[in-house]
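Colleague: Could you have a look at this structure, given as structure tokens, before my questions?
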Amino acid sequence: MTTLPDVSTSAIAGARWRPGEIAFWIVVVACGFLFPSRYLIMTDIVRLALFALSLDLILGYAGIVSLGHAAFFGVGAYSAGLLALHGIINEPVVALVVAGFAAMVLGFFTSFLVIRGVDLTRLMVTLGIALLLEALAERFSGVTGGTDGLQGIEMQPILGRFAFDIFGKTGFFYSSIVLFLLFLLARRIVHSPFGLSLRAIRNNPLRGAAIGIPVNRRLIAIYMVSAFYAGIAGALFTQTTALASLDVFSFERSADLMLMLVIGGTGYLYGGLIGAVVFKMLQELFSTITPQYWLFWIGLVLVVIVLVGRARIHRWALWVPNLIIRQLAGRRAVVAVPESDPS
Amino acid sequence: MTIALETRGLDKSFGGLRVTRDLSLRIEQGARHALIGPNGAGKTTAINLLTGVLRPNAGRILLEGNDITSLPVHKRVLRGLSRTFQINQLYPDLTPLETIGLAVSERMGRGGDWWRRMGTRADVNAEIAEILARFHLLDVMNELTVTLPYGKQRLLEIAVAIAARPRVLLLDEPAAGVPETERRDILAAVAALPREVTVLLIEHDMDLVFSFADRISVLVNGALLTEGAPDAVARDPQVKAVYLGEAADA
């Protein structure tokens, strides 16, 4: 019997680390040492990358669209802020995890609204939830600081040893380590039977149930994981900037996230990471050229990406990126347009 | 003989349209039972009621004597009631290996494992290999399903249902749309289904029905018209009138 080892090696093959992936993380570490003057923006990118990763988990793997992912980001941000401000939990790492769980609890309760219904319903429901939370945060200004935000947050050193510095070096390495650890966890999850069942549900929910997958339970689970990730991203935001204001819930935050995944692609984990880097760089580039109208250029890039279409972009504009992506993800990578493929 | 699958007085209406009328079926353990009927007879509704996609307005469904009327789809599968689909309901972006692996994992109750990588359980791998080999899918196990020839997809469709290790299998037009050249593989796979699996075949193709089934139920306008051994059904004047007659005209 030669078939048996065949099956197990093929089954594991997808989960094996590719050279491109290792190179990617080496570049991340290298950036930390190569650009010491750019810690703040790099930290921003790392946070965005984690946030985009959280959306990719539900969009790219389970096929759940969301225009309100900032809800979880915001809950994480305010949780971390309140924990630090009132001295409830002073150690940042513990506070980070607690903030993540707070977002996860919100994820659990809102999942019941989101998993039922189709894409359009989901877009509206997620959008609505984020708007609701933003309004609530404004209404209860006694707790949240209202439009002024939480002020006077002082972060204690990480693990009691590494103090946050004004250049943002600690913040960058702290955020990067968190991103890497959560990335490892996400990688583990998507290559497990659980992760495979999510892809099956995304492909065909009807058949999902017909082979014995408890579809709703799986969707609730991944929605909670995604909320946890987004909450952590929000908490990192508060901890590294010592700020939490109403805009953590803003619609733009959720919408930008979608753009990042449109740019980077979904369903292979690196899409959010690459998307966050490209998005932020474009933003920087355009805002130096035309400080007032950078949104115009971002919009233009987006329209071009979507209109020209995945097939053609594959052939020319994204030839090099695709080469990289194939290194990272193998043949299953979806580039440029994250919606389901009609063909 | 014990009864594998039984319905008692099933009724289903969509608005004012009564598509299933007082349907009572008894399918014996190990039977090769066929459910036939002209278009619009309610065959698809009957399958959806049996598998739990639809809930009946009245009546009960029993699987090996246990009432499953109110169980959701996935729980019926885990109890041993599996089905194939008339139009392929596969996962286009998954490979046959992944598809079968998933079905086997779910059946073993390991589908929720999130910390273990796919392909690291020897018992799962062995069973995947066995099923892929049985359905001639080993050579294409790493291709994306969407790229497979239609006949292979139909085979995978049956293989997935078998991977759930059903005791009762509902086959919904297994050979529909398969080109003549690939048809023989499908028929062979259907004929080679283990004898202990009870099969309910829903089919248009009379050759397949009469070569395969040892018992036939005829459904007309949502109600059971007649039931019996193949030759008895073939001789039945009522059946000839409403069904075979119509087919002969077409």
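Residue numbers start at 1 in each chain; chains themselves are named A, B, ... in the order of the structure tokens; ligands are numbered from 1 in the order shown.
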Sorted by chain and rising residue number, which residues of chain B lie within 8 Å of chain A, and what are their closest atom pairs and distances in Å to one decimal, counting only C-alpha atoms, as a tab-separated table?
Modeller:
```
residue	atom	partner	partner_atom	distance
B:Val73	CA	A:Ala209	CA	5.8
B:His74	CA	A:Gly212	CA	4.0
B:Lys75	CA	A:Gly212	CA	6.5
B:Arg76	CA	A:Gly212	CA	7.8
B:Val77	CA	A:Gly212	CA	5.3
B:Leu78	CA	A:Gly212	CA	5.9
B:Ser82	CA	A:Ala210	CA	7.0
B:Arg83	CA	A:Ala210	CA	7.2
B:Gln89	CA	A:Arg207	CA	5.9
B:Leu90	CA	A:Arg207	CA	6.8
B:Tyr91	CA	A:Asn203	CA	5.3
B:Pro92	CA	A:Asn203	CA	6.7
B:Asp93	CA	A:Asn203	CA	7.0
B:Leu94	CA	A:Ala200	CA	7.5
B:Leu97	CA	A:Ala11	CA	7.2
B:Glu98	CA	A:Ala11	CA	7.2
B:Thr99	CA	A:Ala200	CA	7.9
B:Leu102	CA	A:Pro193	CA	6.5
B:Ala103	CA	A:Ile211	CA	5.7
B:Ser105	CA	A:Pro193	CA	7.0
B:Glu106	CA	A:Gly212	CA	6.1
B:Arg107	CA	A:Gly212	CA	6.9
B:Arg110	CA	A:Pro193	CA	7.2
B:Gly111	CA	A:Pro193	CA	5.2
B:Gly112	CA	A:Phe194	CA	4.7
B:Asp113	CA	A:Phe194	CA	5.5
B:Trp114	CA	A:Ile189	CA	5.0
B:Trp115	CA	A:Arg188	CA	6.1
B:Arg116	CA	A:Ser192	CA	5.3
B:Arg117	CA	A:Ser192	CA	4.3
B:Met118	CA	A:Ser192	CA	5.1
B:Gly119	CA	A:Ala11	CA	4.7
B:Thr120	CA	A:Ser8	CA	6.9
B:Ala122	CA	A:Ser8	CA	7.8
B:Asn125	CA	A:Ser8	CA	5.9
B:Ala126	CA	A:Leu4	CA	6.2
B:Ile128	CA	A:Val7	CA	7.4
B:Ala129	CA	A:Leu4	CA	6.0
B:Leu138	CA	A:Thr3	CA	7.9
B:Asn142	CA	A:Ser10	CA	7.4
B:Val160	CA	A:Ile211	CA	7.4
B:Ala161	CA	A:Ile211	CA	6.9
B:Ala164	CA	A:Ile211	CA	6.4
```
Colleague: Take the residues from that selection and write them out as a PDB file, in the first residue's frame, keeping C-alpha atoms.
Modeller:
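Writing done, so here's part_11.pdb:
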```pdb
ATOM      1  CA  VAL B  73     -29.931  18.077   9.117  1.00  0.00           C
ATOM      2  CA  HIS B  74     -26.485  17.486  10.613  1.00  0.00           C
ATOM      3  CA  LYS B  75     -27.810  15.424  13.526  1.00  0.00           C
ATOM      4  CA  ARG B  76     -29.661  13.108  11.138  1.00  0.00           C
ATOM      5  CA  VAL B  77     -26.402  12.605   9.283  1.00  0.00           C
ATOM      6  CA  LEU B  78     -24.660  11.644  12.493  1.00  0.00           C
ATOM      7  CA  SER B  82     -26.983  10.459   4.473  1.00  0.00           C
ATOM      8  CA  ARG B  83     -27.808  11.704   1.006  1.00  0.00           C
ATOM      9  CA  GLN B  89     -23.364  20.015  -4.051  1.00  0.00           C
ATOM     10  CA  LEU B  90     -19.641  19.856  -3.549  1.00  0.00           C
ATOM     11  CA  TYR B  91     -16.987  22.266  -2.385  1.00  0.00           C
ATOM     12  CA  PRO B  92     -15.497  23.780  -5.556  1.00  0.00           C
ATOM     13  CA  ASP B  93     -12.382  25.137  -3.822  1.00  0.00           C
ATOM     14  CA  LEU B  94     -11.609  22.015  -1.830  1.00  0.00           C
ATOM     15  CA  LEU B  97      -8.875  14.640  -0.266  1.00  0.00           C
ATOM     16  CA  GLU B  98     -10.033  17.566   1.856  1.00  0.00           C
ATOM     17  CA  THR B  99     -13.689  16.909   1.153  1.00  0.00           C
ATOM     18  CA  LEU B 102     -13.788  16.593   6.362  1.00  0.00           C
ATOM     19  CA  ALA B 103     -16.652  14.126   6.147  1.00  0.00           C
ATOM     20  CA  SER B 105     -13.543  13.906  10.651  1.00  0.00           C
ATOM     21  CA  GLU B 106     -17.093  15.050  11.252  1.00  0.00           C
ATOM     22  CA  ARG B 107     -18.338  11.507  11.537  1.00  0.00           C
ATOM     23  CA  ARG B 110     -13.263  15.391  15.399  1.00  0.00           C
ATOM     24  CA  GLY B 111     -14.579  18.100  13.083  1.00  0.00           C
ATOM     25  CA  GLY B 112     -14.401  20.754  15.802  1.00  0.00           C
ATOM     26  CA  ASP B 113     -10.726  20.111  16.557  1.00  0.00           C
ATOM     27  CA  TRP B 114      -9.021  23.440  16.035  1.00  0.00           C
ATOM     28  CA  TRP B 115      -5.584  22.709  17.454  1.00  0.00           C
ATOM     29  CA  ARG B 116      -4.783  19.607  15.428  1.00  0.00           C
ATOM     30  CA  ARG B 117      -3.620  19.858  11.841  1.00  0.00           C
ATOM     31  CA  MET B 118      -5.448  17.958   9.142  1.00  0.00           C
ATOM     32  CA  GLY B 119      -3.735  14.740   8.174  1.00  0.00           C
ATOM     33  CA  THR B 120      -2.141  13.941  11.527  1.00  0.00           C
ATOM     34  CA  ALA B 122      -3.682   7.864  11.207  1.00  0.00           C
ATOM     35  CA  ASN B 125      -5.987   9.053   6.890  1.00  0.00           C
ATOM     36  CA  ALA B 126      -6.495   5.327   6.481  1.00  0.00           C
ATOM     37  CA  ILE B 128      -9.716   8.638   3.510  1.00  0.00           C
ATOM     38  CA  ALA B 129      -7.337   6.493   1.466  1.00  0.00           C
ATOM     39  CA  LEU B 138      -6.880   8.698  -5.665  1.00  0.00           C
ATOM     40  CA  ASN B 142      -5.165  16.925  -4.895  1.00  0.00           C
ATOM     41  CA  VAL B 160     -18.811  12.029   0.482  1.00  0.00           C
ATOM     42  CA  ALA B 161     -22.158  10.557   1.417  1.00  0.00           C
ATOM     43  CA  ALA B 164     -20.461   9.676   6.700  1.00  0.00           C
TER      44      ALA B 164
END
```
Colleague: Which residues are near Val278 (chain A)? Cut-off 12 Å, only C-alpha atoms, ignore same chain within fewer than 3 positions. Put them as a list in words.
Modeller: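 Listing them by chain and then by number gives Met42, Ile45, Val46, Leu48, Ala49, Asp256, Leu259, Met260, Leu261, Val262, Ile263, Gly264, Gly265, Gly271, Gly272, Leu273, Ile274, Gly275, Met281, Leu282, Gln283, Glu284, Leu285, Phe286, Ile298, Val301, Leu302 and Pro321 of chain A.
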Colleague: Those same residues, written as a compact mmCIF listing (two decimals), in the first residue's frame with N, CA and C atoms?
Modeller:
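Listed below is the output, out.txt:
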```
# COMPACT_ATOMS: atom_id res chain seq x y z
N MET A 42 5.02 52.15 11.77
CA MET A 42 5.11 50.69 11.65
C MET A 42 4.21 50.00 12.68
N ILE A 45 0.82 50.07 11.35
CA ILE A 45 0.62 49.03 10.33
C ILE A 45 0.42 47.66 10.99
N VAL A 46 1.22 47.38 12.01
CA VAL A 46 1.09 46.07 12.68
C VAL A 46 -0.30 45.91 13.29
N LEU A 48 -3.04 47.46 12.35
CA LEU A 48 -4.00 47.30 11.24
C LEU A 48 -3.94 45.89 10.69
N ALA A 49 -2.72 45.36 10.60
CA ALA A 49 -2.55 44.01 10.06
C ALA A 49 -3.30 43.00 10.93
N ASP A 256 -12.22 50.91 5.89
CA ASP A 256 -10.81 50.81 5.51
C ASP A 256 -10.34 49.36 5.55
N LEU A 259 -11.13 47.60 2.53
CA LEU A 259 -10.21 48.00 1.46
C LEU A 259 -8.92 47.21 1.54
N MET A 260 -8.42 47.06 2.77
CA MET A 260 -7.15 46.34 2.93
C MET A 260 -7.28 44.91 2.42
N LEU A 261 -8.41 44.29 2.71
CA LEU A 261 -8.57 42.91 2.24
C LEU A 261 -8.82 42.85 0.74
N VAL A 262 -9.43 43.91 0.19
CA VAL A 262 -9.59 43.96 -1.26
C VAL A 262 -8.20 44.03 -1.91
N ILE A 263 -7.34 44.84 -1.31
CA ILE A 263 -5.99 44.98 -1.86
C ILE A 263 -5.18 43.69 -1.66
N GLY A 264 -5.24 43.15 -0.47
CA GLY A 264 -4.36 42.02 -0.15
C GLY A 264 -4.92 40.66 -0.49
N GLY A 265 -6.24 40.57 -0.66
CA GLY A 265 -6.86 39.27 -0.93
C GLY A 265 -7.24 38.57 0.37
N GLY A 271 -3.23 38.05 3.39
CA GLY A 271 -3.92 39.10 2.65
C GLY A 271 -4.09 40.35 3.49
N GLY A 272 -4.56 40.18 4.73
CA GLY A 272 -4.76 41.31 5.61
C GLY A 272 -3.44 42.00 5.93
N LEU A 273 -2.40 41.21 6.13
CA LEU A 273 -1.09 41.76 6.49
C LEU A 273 -0.53 42.59 5.34
N ILE A 274 -0.54 41.99 4.15
CA ILE A 274 -0.04 42.71 2.97
C ILE A 274 -0.93 43.92 2.68
N GLY A 275 -2.24 43.70 2.77
CA GLY A 275 -3.19 44.79 2.53
C GLY A 275 -2.94 45.97 3.46
N MET A 281 0.92 52.50 3.20
CA MET A 281 1.94 53.15 2.37
C MET A 281 1.28 54.05 1.33
N LEU A 282 0.22 53.56 0.71
CA LEU A 282 -0.49 54.39 -0.27
C LEU A 282 -1.00 55.65 0.40
N GLN A 283 -1.57 55.46 1.60
CA GLN A 283 -2.11 56.59 2.35
C GLN A 283 -1.00 57.63 2.61
N GLU A 284 0.15 57.14 3.05
CA GLU A 284 1.28 58.03 3.31
C GLU A 284 1.73 58.74 2.03
N LEU A 285 1.87 57.94 0.98
CA LEU A 285 2.34 58.47 -0.30
C LEU A 285 1.40 59.55 -0.81
N PHE A 286 0.11 59.22 -0.87
CA PHE A 286 -0.85 60.17 -1.42
C PHE A 286 -1.00 61.39 -0.53
N ILE A 298 -6.82 56.95 -3.17
CA ILE A 298 -7.13 55.61 -2.63
C ILE A 298 -8.36 55.06 -3.33
N VAL A 301 -7.53 53.91 -6.85
CA VAL A 301 -6.83 52.62 -6.85
C VAL A 301 -7.83 51.48 -6.66
N LEU A 302 -8.74 51.68 -5.73
CA LEU A 302 -9.73 50.65 -5.44
C LEU A 302 -10.61 50.37 -6.64
N PRO A 321 3.31 40.77 -7.16
CA PRO A 321 2.67 40.41 -5.90
C PRO A 321 2.15 38.97 -5.89
```
Colleague: Of the residues A:Leu127, A:Pro36, A:Cys31, A:Gln239, which is the one nearest to Asn90 (chain A), using only C-alpha atoms?
Modeller: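 Under the stated criterion, the closest residue is A:Gln239.
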Colleague: Identify, with DSSP run on backbone atoms, the residues in region 38-102 of chain B assigned to helix (DSSP H, G or I), and express the list as a PyMOL selection string.
Modeller: chain B and resi 43-51+73-79+96-102
